[in-house]
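This is entry03.cif (mmCIF, C-alpha atoms).
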data_my_file
loop_
_atom_site.label_atom_id
_atom_site.label_comp_id
_atom_site.auth_asym_id
_atom_site.auth_seq_id
_atom_site.Cartn_x
_atom_site.Cartn_y
_atom_site.Cartn_z
CA MET A 176 0.00 0.00 0.00
CA THR A 177 2.51 2.57 -1.20
CA GLY A 178 2.23 5.79 -3.11
CA TRP A 179 -0.84 7.12 -1.29
CA LYS A 180 -0.66 10.76 -0.24
CA VAL A 181 -3.13 11.70 2.49
CA LYS A 182 -4.30 15.19 3.42
CA VAL A 183 -7.31 17.00 4.83
CA GLY A 184 -9.61 18.55 2.24
CA THR A 185 -9.38 22.32 2.47
CA THR A 186 -12.38 23.56 0.46
CA PRO A 187 -15.78 22.16 -0.54
CA ASP A 188 -14.89 22.44 -4.24
CA GLU A 189 -11.69 20.45 -3.71
CA VAL A 190 -13.62 17.64 -2.01
CA TYR A 191 -16.42 17.72 -4.59
CA HIS A 192 -13.83 17.15 -7.33
CA TYR A 193 -13.45 13.63 -5.93
CA LEU A 194 -17.01 12.94 -4.80
CA LYS A 195 -18.72 13.96 -8.04
CA SER A 196 -17.61 10.73 -9.76
CA ASP A 197 -20.52 9.02 -7.94
CA ARG A 198 -22.93 11.72 -6.80
CA ILE A 199 -25.57 9.24 -5.69
CA TRP A 200 -23.46 7.12 -3.35
CA ALA A 201 -21.78 10.31 -2.06
CA GLY A 202 -25.06 12.22 -1.84
CA TYR A 203 -25.12 12.71 1.93
CA ALA A 204 -21.45 13.71 2.00
CA ILE A 205 -21.91 16.19 -0.86
CA CYS A 206 -24.72 17.88 1.08
CA ASP A 207 -22.26 18.20 3.98
CA LEU A 208 -20.14 20.49 1.78
CA GLU A 209 -22.51 23.37 2.51
CA ASN A 210 -22.76 25.22 5.81
CA PRO A 211 -23.82 24.65 8.50
CA LEU A 212 -22.91 20.96 7.94
CA TRP A 213 -19.47 21.82 6.49
CA GLU A 214 -18.49 23.16 9.90
CA HIS A 215 -19.07 19.68 11.39
CA SER A 216 -17.32 17.76 8.60
CA LYS A 217 -13.71 16.77 8.09
CA PHE A 218 -12.84 15.19 4.74
CA TYR A 219 -9.63 13.19 4.39
CA LEU A 220 -8.34 12.81 0.83
CA ALA A 221 -5.89 10.20 -0.50
CA ASN A 222 -4.61 9.83 -4.04
CA THR A 223 -1.83 8.24 -6.06
CA GLY A 224 -2.31 10.45 -9.10
CA SER A 225 -4.53 7.87 -10.81
CA GLN A 226 -6.60 6.54 -7.89
CA PHE A 227 -8.37 8.31 -5.04
CA ALA A 228 -10.19 7.77 -1.77
CA VAL A 229 -12.18 10.01 0.56
CA VAL A 230 -13.15 9.49 4.20
CA LEU A 231 -15.69 11.78 5.86
CA HIS A 232 -15.69 12.16 9.63
CA PHE A 233 -18.89 14.01 10.60
CA GLU A 234 -19.04 15.16 14.19
CA THR A 235 -21.55 17.00 16.35
CA GLU A 236 -22.01 16.94 20.09
CA ALA A 237 -24.52 14.11 19.82
CA PHE A 238 -23.36 12.25 16.71
CA HIS A 239 -20.16 10.84 15.20
CA GLY A 240 -20.21 9.24 11.77
CA ILE A 241 -17.68 7.91 9.29
CA THR A 242 -18.24 7.00 5.67
CA ALA A 243 -15.81 6.34 2.84
CA PHE A 244 -15.59 6.51 -0.93
CA GLY A 245 -13.18 5.36 -3.61
CA ASP A 246 -10.33 2.86 -3.66
CA SER A 247 -10.24 0.46 -0.71
CA GLU A 248 -6.43 0.70 -0.40
CA GLY A 249 -6.70 4.47 -0.25
CA ILE A 250 -9.38 4.20 2.42
CA ASP A 251 -7.09 1.91 4.40
CA ALA A 252 -4.28 4.47 4.07
CA ILE A 253 -6.54 7.14 5.51
CA TRP A 254 -7.74 5.08 8.51
CA SER A 255 -4.29 5.24 10.12
CA GLN A 256 -4.44 9.04 10.15
CA VAL A 257 -8.06 9.63 11.16
CA PRO A 258 -8.56 10.48 14.85
CA ILE A 259 -11.61 8.40 15.64
CA PRO A 260 -13.92 8.65 18.69
CA PRO A 261 -14.89 5.88 21.16
CA LYS A 262 -18.21 5.32 19.39
CA LEU A 263 -19.44 6.21 15.92
CA TRP A 264 -21.85 5.39 13.13
CA ILE A 265 -20.10 3.66 10.22
CA SER A 266 -21.39 3.56 6.65
CA LEU A 267 -19.37 1.88 3.90
CA ARG A 268 -20.11 0.47 0.47
CA SER A 269 -18.03 -2.69 0.79
CA LYS A 270 -17.40 -5.04 3.70
CA LEU A 271 -13.77 -5.01 2.56
CA GLU A 272 -13.61 -1.37 3.61
CA PHE A 273 -14.68 -2.35 7.13
CA GLU A 274 -11.72 -4.68 7.71
CA PRO A 275 -9.27 -2.01 8.94
CA LEU A 276 -11.95 -0.70 11.31
CA PHE A 277 -12.67 -4.18 12.62
CA ARG A 278 -9.16 -4.08 14.10
CA LYS A 279 -10.15 -0.99 16.09
CA TYR A 280 -13.90 -1.34 16.58
CA ARG A 281 -16.56 -3.83 17.48
CA VAL A 282 -19.39 -3.17 15.03
CA ASP A 283 -22.93 -3.87 16.26
CA ASP A 284 -26.28 -3.58 14.49
CA PHE A 285 -24.58 -4.34 11.17
CA HIS A 286 -27.23 -3.85 8.46
CA ALA A 287 -27.27 -4.48 4.72
CA MET A 288 -28.80 -1.45 3.03
CA TRP A 289 -29.84 -0.14 -0.38
CA ARG A 290 -28.99 3.36 -1.57
CA LEU A 291 -31.87 4.52 -3.75
CA HIS A 292 -31.92 7.30 -6.35
CA PHE A 293 -34.71 9.48 -7.67
CA SER A 294 -33.93 11.64 -10.69
CA VAL A 295 -36.04 14.73 -10.07
CA SER A 296 -35.23 16.37 -13.38
CA SER A 297 -36.37 13.44 -15.50
CA ALA A 298 -39.23 12.04 -13.38
CA SER A 299 -42.90 12.65 -14.01
CA LEU A 300 -44.32 13.91 -10.72
CA SER A 301 -48.04 13.83 -10.02
CA LEU A 302 -49.65 16.25 -7.61
CA PRO A 303 -50.42 14.83 -4.14
CA PRO A 304 -53.91 13.21 -4.03
CA HIS A 305 -54.38 14.39 -0.42
CA ARG A 306 -54.14 17.80 1.16
CA VAL A 307 -50.68 18.28 2.61
CA VAL A 308 -49.15 21.09 4.63
CA CYS A 309 -45.61 22.43 4.66
CA LEU A 310 -44.04 22.08 8.10
CA GLY A 311 -41.80 24.91 9.29
CA ALA A 312 -39.51 25.40 12.27
CA ASP A 313 -42.49 26.41 14.41
CA ARG A 314 -43.71 22.79 14.30
CA GLN A 315 -40.48 21.40 15.76
CA PRO A 316 -41.81 20.44 19.25
CA GLU A 317 -44.79 18.64 17.73
CA LEU A 318 -42.69 16.91 15.06
CA GLN A 319 -40.11 15.79 17.61
CA ASP A 320 -42.84 14.14 19.66
CA PHE A 321 -44.52 12.68 16.58
CA ILE A 322 -41.54 10.76 15.23
CA LYS A 323 -39.36 10.19 18.28
CA ASP A 324 -40.30 6.52 18.62
CA SER A 325 -40.05 5.70 14.92
CA LEU A 326 -36.92 7.40 13.62
CA GLY A 327 -34.62 7.56 16.60
CA SER A 328 -31.41 9.40 15.77
CA ALA A 329 -32.31 9.72 12.08
CA TYR A 330 -34.18 12.93 12.86
CA SER A 331 -32.72 16.02 14.49
CA PRO A 332 -34.33 19.43 15.00
CA GLU A 333 -31.76 21.12 12.77
CA GLN A 334 -33.11 19.21 9.76
CA LEU A 335 -36.39 21.10 9.96
CA VAL A 336 -34.58 24.44 9.65
CA GLY A 337 -33.71 24.84 5.98
CA GLY A 338 -35.08 21.40 5.10
CA VAL A 339 -38.28 20.40 3.31
CA PHE A 340 -41.01 18.69 5.36
CA TYR A 341 -44.63 18.00 4.46
CA GLY A 342 -47.38 16.36 6.49
CA VAL A 343 -50.99 15.29 6.41
CA GLU A 344 -53.00 16.54 9.37
CA GLU A 345 -56.53 17.00 10.66
CA ASN A 346 -57.56 19.55 13.26
CA GLY A 347 -53.91 20.41 13.73
CA LYS A 348 -52.88 16.82 14.55
CA LEU A 349 -50.27 15.20 12.33
CA TRP A 350 -51.09 11.87 10.74
CA SER A 351 -48.14 11.44 8.38
CA VAL A 352 -44.81 13.19 7.69
CA VAL A 353 -41.99 12.99 5.13
CA GLY A 354 -38.93 15.24 5.15
CA THR A 355 -35.32 15.71 4.11
CA HIS A 356 -32.27 14.57 6.05
CA VAL A 357 -29.89 16.88 4.19
CA LEU A 358 -30.25 19.34 1.33
CA SER A 359 -27.82 21.21 -0.90
CA THR A 360 -29.10 23.73 -3.42
CA LYS A 361 -25.53 24.44 -4.59
CA TYR A 362 -24.92 20.83 -5.58
CA GLN A 363 -28.60 20.15 -6.39
CA LEU A 364 -28.86 17.14 -4.10
CA ALA A 365 -31.10 16.07 -1.25
CA ALA A 366 -31.68 13.01 0.92
CA VAL A 367 -35.13 12.05 2.17
CA GLY A 368 -36.00 9.65 4.94
CA ASN A 369 -37.78 11.36 7.81
CA ALA A 370 -40.97 9.43 7.07
CA TYR A 371 -43.57 8.25 9.53
CA THR A 372 -47.32 7.58 9.45
CA ARG A 373 -49.37 6.79 12.52
CA PRO A 374 -50.21 3.05 12.44
CA GLU A 375 -53.98 3.65 12.41
CA TYR A 376 -53.70 5.80 9.25
CA ARG A 377 -51.43 3.58 7.17
CA GLY A 378 -52.58 2.25 3.81
CA LYS A 379 -54.43 5.45 2.90
CA GLY A 380 -51.77 6.95 0.62
CA TYR A 381 -50.60 9.61 3.08
CA PHE A 382 -46.92 8.66 2.76
CA ARG A 383 -47.08 8.93 -1.02
CA ALA A 384 -48.84 12.29 -0.76
CA CYS A 385 -46.19 13.72 1.59
CA LEU A 386 -43.28 12.33 -0.43
CA SER A 387 -44.77 13.65 -3.67
CA ALA A 388 -45.07 17.12 -2.11
CA VAL A 389 -41.45 16.99 -0.92
CA LEU A 390 -40.23 15.97 -4.37
CA HIS A 391 -42.27 18.74 -6.02
CA ARG A 392 -40.74 21.32 -3.71
CA LEU A 393 -37.22 20.00 -4.26
CA ARG A 394 -37.71 20.29 -8.00
CA GLU A 395 -38.79 23.92 -7.55
CA MET A 396 -35.59 24.52 -5.60
CA GLY A 397 -33.47 23.19 -8.48
CA VAL A 398 -32.57 19.82 -6.94
CA ARG A 399 -31.69 17.22 -9.60
CA ASP A 400 -31.01 14.10 -7.53
CA VAL A 401 -32.68 12.72 -4.41
CA VAL A 402 -31.25 9.78 -2.47
CA ALA A 403 -32.72 7.55 0.22
CA ASN A 404 -31.60 4.59 2.33
CA VAL A 405 -33.67 1.45 2.89
CA MET A 406 -32.75 -1.71 4.77
CA GLN A 407 -32.55 -4.66 2.39
CA SER A 408 -34.83 -6.62 4.74
CA ASN A 409 -37.53 -3.92 4.65
CA THR A 410 -39.53 -5.17 1.68
CA PRO A 411 -42.62 -2.93 2.15
CA SER A 412 -40.54 0.26 2.22
CA MET A 413 -38.51 -0.89 -0.76
CA GLU A 414 -41.61 -1.69 -2.80
CA GLY A 415 -43.15 1.66 -1.88
CA ALA A 416 -40.05 3.58 -2.92
CA LEU A 417 -39.71 1.72 -6.22
CA SER A 418 -43.37 2.36 -7.00
CA MET A 419 -42.72 6.09 -6.55
CA GLY A 420 -39.92 6.05 -9.13
CA PHE A 421 -36.85 5.44 -6.99
CA VAL A 422 -34.30 2.96 -8.35
CA LYS A 423 -31.61 0.90 -6.65
CA HIS A 424 -28.18 2.51 -7.00
CA CYS A 425 -25.93 0.33 -4.82
CA ALA A 426 -25.78 -1.88 -1.76
CA PHE A 427 -23.92 -0.79 1.34
CA TRP A 428 -23.52 -1.68 5.00
CA GLU A 429 -23.83 0.35 8.15
CA GLY A 430 -23.56 -0.18 11.87
CA VAL A 431 -22.52 1.28 15.20
CA GLY A 432 -18.83 0.91 16.07
CA THR A 433 -17.52 0.79 19.63
CA LYS A 434 -13.76 1.19 20.07
CA LEU A 435 -12.00 -1.92 21.34
#
Using structure tokens, write down the structure from this file.
Amino acid sequence: MTGWKVKVGTTPDEVYHYLKSDRIWAGYAICDLENPLWEHSKFYLANTGSQFAVVLHFETEAFHGITAFGDSEGIDAIWSQVPIPPKLWISLRSKLEFEPLFRKYRVDDFHAMWRLHFSVSSASLSLPPHRVVCLGADRQPELQDFIKDSLGSAYSPEQLVGGVFYGVEENGKLWSVVGTHVLSTKYQLAAVGNAYTRPEYRGKGYFRACLSAVLHRLREMGVRDVVANVMQSNTPSMEGALSMGFVKHCAFWEGVGTKL
């Protein structure tokens, strides 16, 4: 494993030069190139002149995450120089990329996932069949309570500020919600996944209505590509996403790592 030069990415445009080769797999990381997420992101770059690798270490007070892109040898070269915390969320496209981390971490809740892609610019979007409402920052306390048991750490209050969220409600009470995880107007990318419908209202098309409204709004904002993550074992969610026009882009694995 020689010839790899490792450094910290200094500007968003420098990092994007590497990540743009697979915008869909790198979708979340590309959205991190814009503030305020850029301030919580450290990108490590490795290259030999003809091959490259990128490792993102995303860190907030409540969350640590690592994900990697590119050549597996380059990723391995970066691991030795990344200061990693006692516990973190790991997301990688190949189990081979996990091997260096297995020497440092015990990985629990190891899940096989699908990265899905929706091409906003080329898709035919129908208007929502149900009345939906746009949810702003003023709905944060209610939204936090609504989805706290279903999404866990996938949702954070910051996502509602500057993100796109739509819901179905009656008499001011939410029945169903879909929203973005991250969003970049500069790079025309977004990730959706904050989706939840109360059990007693499932099967009525509310999820599709909310998702359709989110996709419409993202198109208006100039977003070209939307990504989403679904567990490979979650057949109903997969079928629902595919029926909406999402397609499988790649498999990947994720889990929680605890330092040995």
Expand the PyMOL selection byres ((chain A and resi 402) around 9) into the individual residues it matches in the shown file, reporting them as a VMD selection string.
chain A and resid 199 to 200 202 to 203 290 to 294 364 to 368 400 to 401 403 to 404 421
Lys180 of chain A environment, 7 Å, only C-alpha atoms, sequence neighbours closer than 4 positions dropped, as a ChimeraX atom specification
/A:221-223
Could you write out as a PDB file with C-alpha atoms, in the coordinates of the input the residues that the PyMOL selection byres ((chain A and resi 243) around 12) matches in the shown file?
ATOM      1  CA  TYR A 193     -13.450  13.630  -5.930  1.00  0.00           C
ATOM      2  CA  LEU A 194     -17.010  12.940  -4.800  1.00  0.00           C
ATOM      3  CA  TRP A 200     -23.460   7.120  -3.350  1.00  0.00           C
ATOM      4  CA  ALA A 201     -21.780  10.310  -2.060  1.00  0.00           C
ATOM      5  CA  GLY A 202     -25.060  12.220  -1.840  1.00  0.00           C
ATOM      6  CA  TYR A 203     -25.120  12.710   1.930  1.00  0.00           C
ATOM      7  CA  ALA A 204     -21.450  13.710   2.000  1.00  0.00           C
ATOM      8  CA  LYS A 217     -13.710  16.770   8.090  1.00  0.00           C
ATOM      9  CA  PHE A 218     -12.840  15.190   4.740  1.00  0.00           C
ATOM     10  CA  TYR A 219      -9.630  13.190   4.390  1.00  0.00           C
ATOM     11  CA  LEU A 220      -8.340  12.810   0.830  1.00  0.00           C
ATOM     12  CA  ALA A 221      -5.890  10.200  -0.500  1.00  0.00           C
ATOM     13  CA  PHE A 227      -8.370   8.310  -5.040  1.00  0.00           C
ATOM     14  CA  ALA A 228     -10.190   7.770  -1.770  1.00  0.00           C
ATOM     15  CA  VAL A 229     -12.180  10.010   0.560  1.00  0.00           C
ATOM     16  CA  VAL A 230     -13.150   9.490   4.200  1.00  0.00           C
ATOM     17  CA  LEU A 231     -15.690  11.780   5.860  1.00  0.00           C
ATOM     18  CA  HIS A 232     -15.690  12.160   9.630  1.00  0.00           C
ATOM     19  CA  PHE A 233     -18.890  14.010  10.600  1.00  0.00           C
ATOM     20  CA  GLY A 240     -20.210   9.240  11.770  1.00  0.00           C
ATOM     21  CA  ILE A 241     -17.680   7.910   9.290  1.00  0.00           C
ATOM     22  CA  THR A 242     -18.240   7.000   5.670  1.00  0.00           C
ATOM     23  CA  PHE A 244     -15.590   6.510  -0.930  1.00  0.00           C
ATOM     24  CA  GLY A 245     -13.180   5.360  -3.610  1.00  0.00           C
ATOM     25  CA  ASP A 246     -10.330   2.860  -3.660  1.00  0.00           C
ATOM     26  CA  SER A 247     -10.240   0.460  -0.710  1.00  0.00           C
ATOM     27  CA  GLU A 248      -6.430   0.700  -0.400  1.00  0.00           C
ATOM     28  CA  GLY A 249      -6.700   4.470  -0.250  1.00  0.00           C
ATOM     29  CA  ILE A 250      -9.380   4.200   2.420  1.00  0.00           C
ATOM     30  CA  ASP A 251      -7.090   1.910   4.400  1.00  0.00           C
ATOM     31  CA  ALA A 252      -4.280   4.470   4.070  1.00  0.00           C
ATOM     32  CA  ILE A 253      -6.540   7.140   5.510  1.00  0.00           C
ATOM     33  CA  TRP A 254      -7.740   5.080   8.510  1.00  0.00           C
ATOM     34  CA  VAL A 257      -8.060   9.630  11.160  1.00  0.00           C
ATOM     35  CA  TRP A 264     -21.850   5.390  13.130  1.00  0.00           C
ATOM     36  CA  ILE A 265     -20.100   3.660  10.220  1.00  0.00           C
ATOM     37  CA  SER A 266     -21.390   3.560   6.650  1.00  0.00           C
ATOM     38  CA  LEU A 267     -19.370   1.880   3.900  1.00  0.00           C
ATOM     39  CA  ARG A 268     -20.110   0.470   0.470  1.00  0.00           C
ATOM     40  CA  SER A 269     -18.030  -2.690   0.790  1.00  0.00           C
ATOM     41  CA  LYS A 270     -17.400  -5.040   3.700  1.00  0.00           C
ATOM     42  CA  LEU A 271     -13.770  -5.010   2.560  1.00  0.00           C
ATOM     43  CA  GLU A 272     -13.610  -1.370   3.610  1.00  0.00           C
ATOM     44  CA  PHE A 273     -14.680  -2.350   7.130  1.00  0.00           C
ATOM     45  CA  LEU A 276     -11.950  -0.700  11.310  1.00  0.00           C
ATOM     46  CA  PHE A 427     -23.920  -0.790   1.340  1.00  0.00           C
ATOM     47  CA  TRP A 428     -23.520  -1.680   5.000  1.00  0.00           C
ATOM     48  CA  GLU A 429     -23.830   0.350   8.150  1.00  0.00           C
TER      49      GLU A 429
END
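Near Asn369 of chain A, within a cut-off of 9 Å and counting all atoms listed in the file, sit the residues Ile322, Leu326, Ala329, Tyr330, Phe340, Val352, Val353, Gly354, Thr355 and His356 of chain A, with same-chain residues fewer than 3 positions away left out.
Atom CA of Tyr371 of chain A to atom CA of Arg198 of chain A spans 26.5 Å [interatomic distance, one decimal].
Minimum atom-to-atom distances from A:Ala416, A:Met396, A:Leu212, A:Cys425 to Ala370 of chain A were compared using all atoms listed in the file, and the lowest value belongs to A:Ala416.
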N, CA and C atoms restored at segment 181-211 of chain A, emitted as a PDB file, in the frame of the given file:
ATOM      1  N   VAL A 181      -1.931  11.399   1.723  1.00  0.00           N
ATOM      2  CA  VAL A 181      -3.130  11.700   2.490  1.00  0.00           C
ATOM      3  C   VAL A 181      -3.077  13.136   2.995  1.00  0.00           C
ATOM      4  N   LYS A 182      -4.202  13.837   2.875  1.00  0.00           N
ATOM      5  CA  LYS A 182      -4.300  15.190   3.420  1.00  0.00           C
ATOM      6  C   LYS A 182      -5.752  15.472   3.779  1.00  0.00           C
ATOM      7  N   VAL A 183      -5.957  16.564   4.484  1.00  0.00           N
ATOM      8  CA  VAL A 183      -7.310  17.000   4.830  1.00  0.00           C
ATOM      9  C   VAL A 183      -7.804  17.935   3.726  1.00  0.00           C
ATOM     10  N   GLY A 184      -9.034  17.682   3.258  1.00  0.00           N
ATOM     11  CA  GLY A 184      -9.610  18.550   2.240  1.00  0.00           C
ATOM     12  C   GLY A 184      -9.799  19.957   2.768  1.00  0.00           C
ATOM     13  N   THR A 185      -9.397  20.947   1.975  1.00  0.00           N
ATOM     14  CA  THR A 185      -9.380  22.320   2.470  1.00  0.00           C
ATOM     15  C   THR A 185     -10.604  23.139   2.052  1.00  0.00           C
ATOM     16  N   THR A 186     -11.219  22.812   0.918  1.00  0.00           N
ATOM     17  CA  THR A 186     -12.380  23.560   0.460  1.00  0.00           C
ATOM     18  C   THR A 186     -13.457  22.598  -0.040  1.00  0.00           C
ATOM     19  N   PRO A 187     -14.717  23.022  -0.009  1.00  0.00           N
ATOM     20  CA  PRO A 187     -15.780  22.160  -0.540  1.00  0.00           C
ATOM     21  C   PRO A 187     -15.563  21.797  -2.010  1.00  0.00           C
ATOM     22  N   ASP A 188     -15.103  22.736  -2.816  1.00  0.00           N
ATOM     23  CA  ASP A 188     -14.890  22.440  -4.240  1.00  0.00           C
ATOM     24  C   ASP A 188     -13.792  21.417  -4.450  1.00  0.00           C
ATOM     25  N   GLU A 189     -12.757  21.450  -3.610  1.00  0.00           N
ATOM     26  CA  GLU A 189     -11.690  20.450  -3.710  1.00  0.00           C
ATOM     27  C   GLU A 189     -12.238  19.063  -3.415  1.00  0.00           C
ATOM     28  N   VAL A 190     -13.057  18.938  -2.378  1.00  0.00           N
ATOM     29  CA  VAL A 190     -13.620  17.640  -2.010  1.00  0.00           C
ATOM     30  C   VAL A 190     -14.602  17.170  -3.084  1.00  0.00           C
ATOM     31  N   TYR A 191     -15.424  18.096  -3.581  1.00  0.00           N
ATOM     32  CA  TYR A 191     -16.420  17.720  -4.590  1.00  0.00           C
ATOM     33  C   TYR A 191     -15.755  17.194  -5.861  1.00  0.00           C
ATOM     34  N   HIS A 192     -14.567  17.656  -6.163  1.00  0.00           N
ATOM     35  CA  HIS A 192     -13.830  17.150  -7.330  1.00  0.00           C
ATOM     36  C   HIS A 192     -13.701  15.634  -7.285  1.00  0.00           C
ATOM     37  N   TYR A 193     -13.559  15.086  -6.089  1.00  0.00           N
ATOM     38  CA  TYR A 193     -13.450  13.630  -5.930  1.00  0.00           C
ATOM     39  C   TYR A 193     -14.823  12.970  -5.818  1.00  0.00           C
ATOM     40  N   LEU A 194     -15.722  13.586  -5.070  1.00  0.00           N
ATOM     41  CA  LEU A 194     -17.010  12.940  -4.800  1.00  0.00           C
ATOM     42  C   LEU A 194     -17.944  12.933  -6.001  1.00  0.00           C
ATOM     43  N   LYS A 195     -17.773  13.841  -6.930  1.00  0.00           N
ATOM     44  CA  LYS A 195     -18.720  13.960  -8.040  1.00  0.00           C
ATOM     45  C   LYS A 195     -18.701  12.766  -8.982  1.00  0.00           C
ATOM     46  N   SER A 196     -17.682  11.904  -8.880  1.00  0.00           N
ATOM     47  CA  SER A 196     -17.610  10.730  -9.760  1.00  0.00           C
ATOM     48  C   SER A 196     -18.755   9.756  -9.478  1.00  0.00           C
ATOM     49  N   ASP A 197     -19.334   9.821  -8.263  1.00  0.00           N
ATOM     50  CA  ASP A 197     -20.520   9.020  -7.940  1.00  0.00           C
ATOM     51  C   ASP A 197     -21.395   9.849  -7.002  1.00  0.00           C
ATOM     52  N   ARG A 198     -22.128  10.784  -7.584  1.00  0.00           N
ATOM     53  CA  ARG A 198     -22.930  11.720  -6.800  1.00  0.00           C
ATOM     54  C   ARG A 198     -23.981  11.019  -5.933  1.00  0.00           C
ATOM     55  N   ILE A 199     -24.467   9.875  -6.405  1.00  0.00           N
ATOM     56  CA  ILE A 199     -25.570   9.240  -5.690  1.00  0.00           C
ATOM     57  C   ILE A 199     -25.071   8.546  -4.426  1.00  0.00           C
ATOM     58  N   TRP A 200     -24.019   7.749  -4.543  1.00  0.00           N
ATOM     59  CA  TRP A 200     -23.460   7.120  -3.350  1.00  0.00           C
ATOM     60  C   TRP A 200     -22.925   8.182  -2.387  1.00  0.00           C
ATOM     61  N   ALA A 201     -22.355   9.262  -2.913  1.00  0.00           N
ATOM     62  CA  ALA A 201     -21.780  10.310  -2.060  1.00  0.00           C
ATOM     63  C   ALA A 201     -22.783  11.409  -1.732  1.00  0.00           C
ATOM     64  N   GLY A 202     -24.061  11.171  -1.972  1.00  0.00           N
ATOM     65  CA  GLY A 202     -25.060  12.220  -1.840  1.00  0.00           C
ATOM     66  C   GLY A 202     -25.088  12.897  -0.480  1.00  0.00           C
ATOM     67  N   TYR A 203     -25.103  12.107   0.597  1.00  0.00           N
ATOM     68  CA  TYR A 203     -25.120  12.710   1.930  1.00  0.00           C
ATOM     69  C   TYR A 203     -23.870  13.545   2.154  1.00  0.00           C
ATOM     70  N   ALA A 204     -22.713  13.009   1.789  1.00  0.00           N
ATOM     71  CA  ALA A 204     -21.450  13.710   2.000  1.00  0.00           C
ATOM     72  C   ALA A 204     -21.395  15.004   1.190  1.00  0.00           C
ATOM     73  N   ILE A 205     -21.914  14.980  -0.033  1.00  0.00           N
ATOM     74  CA  ILE A 205     -21.910  16.190  -0.860  1.00  0.00           C
ATOM     75  C   ILE A 205     -22.769  17.270  -0.211  1.00  0.00           C
ATOM     76  N   CYS A 206     -23.895  16.890   0.370  1.00  0.00           N
ATOM     77  CA  CYS A 206     -24.720  17.880   1.080  1.00  0.00           C
ATOM     78  C   CYS A 206     -23.982  18.456   2.278  1.00  0.00           C
ATOM     79  N   ASP A 207     -23.042  17.707   2.851  1.00  0.00           N
ATOM     80  CA  ASP A 207     -22.260  18.200   3.980  1.00  0.00           C
ATOM     81  C   ASP A 207     -21.240  19.264   3.561  1.00  0.00           C
ATOM     82  N   LEU A 208     -21.089  19.490   2.254  1.00  0.00           N
ATOM     83  CA  LEU A 208     -20.140  20.490   1.780  1.00  0.00           C
ATOM     84  C   LEU A 208     -20.664  21.915   1.937  1.00  0.00           C
ATOM     85  N   GLU A 209     -21.937  22.045   2.270  1.00  0.00           N
ATOM     86  CA  GLU A 209     -22.510  23.370   2.510  1.00  0.00           C
ATOM     87  C   GLU A 209     -22.671  23.606   4.005  1.00  0.00           C
ATOM     88  N   ASN A 210     -22.484  24.860   4.417  1.00  0.00           N
ATOM     89  CA  ASN A 210     -22.760  25.220   5.810  1.00  0.00           C
ATOM     90  C   ASN A 210     -24.264  25.137   6.073  1.00  0.00           C
ATOM     91  N   PRO A 211     -24.664  24.786   7.304  1.00  0.00           N
ATOM     92  CA  PRO A 211     -23.820  24.650   8.500  1.00  0.00           C
ATOM     93  C   PRO A 211     -23.158  23.281   8.652  1.00  0.00           C
TER      94      PRO A 211
END
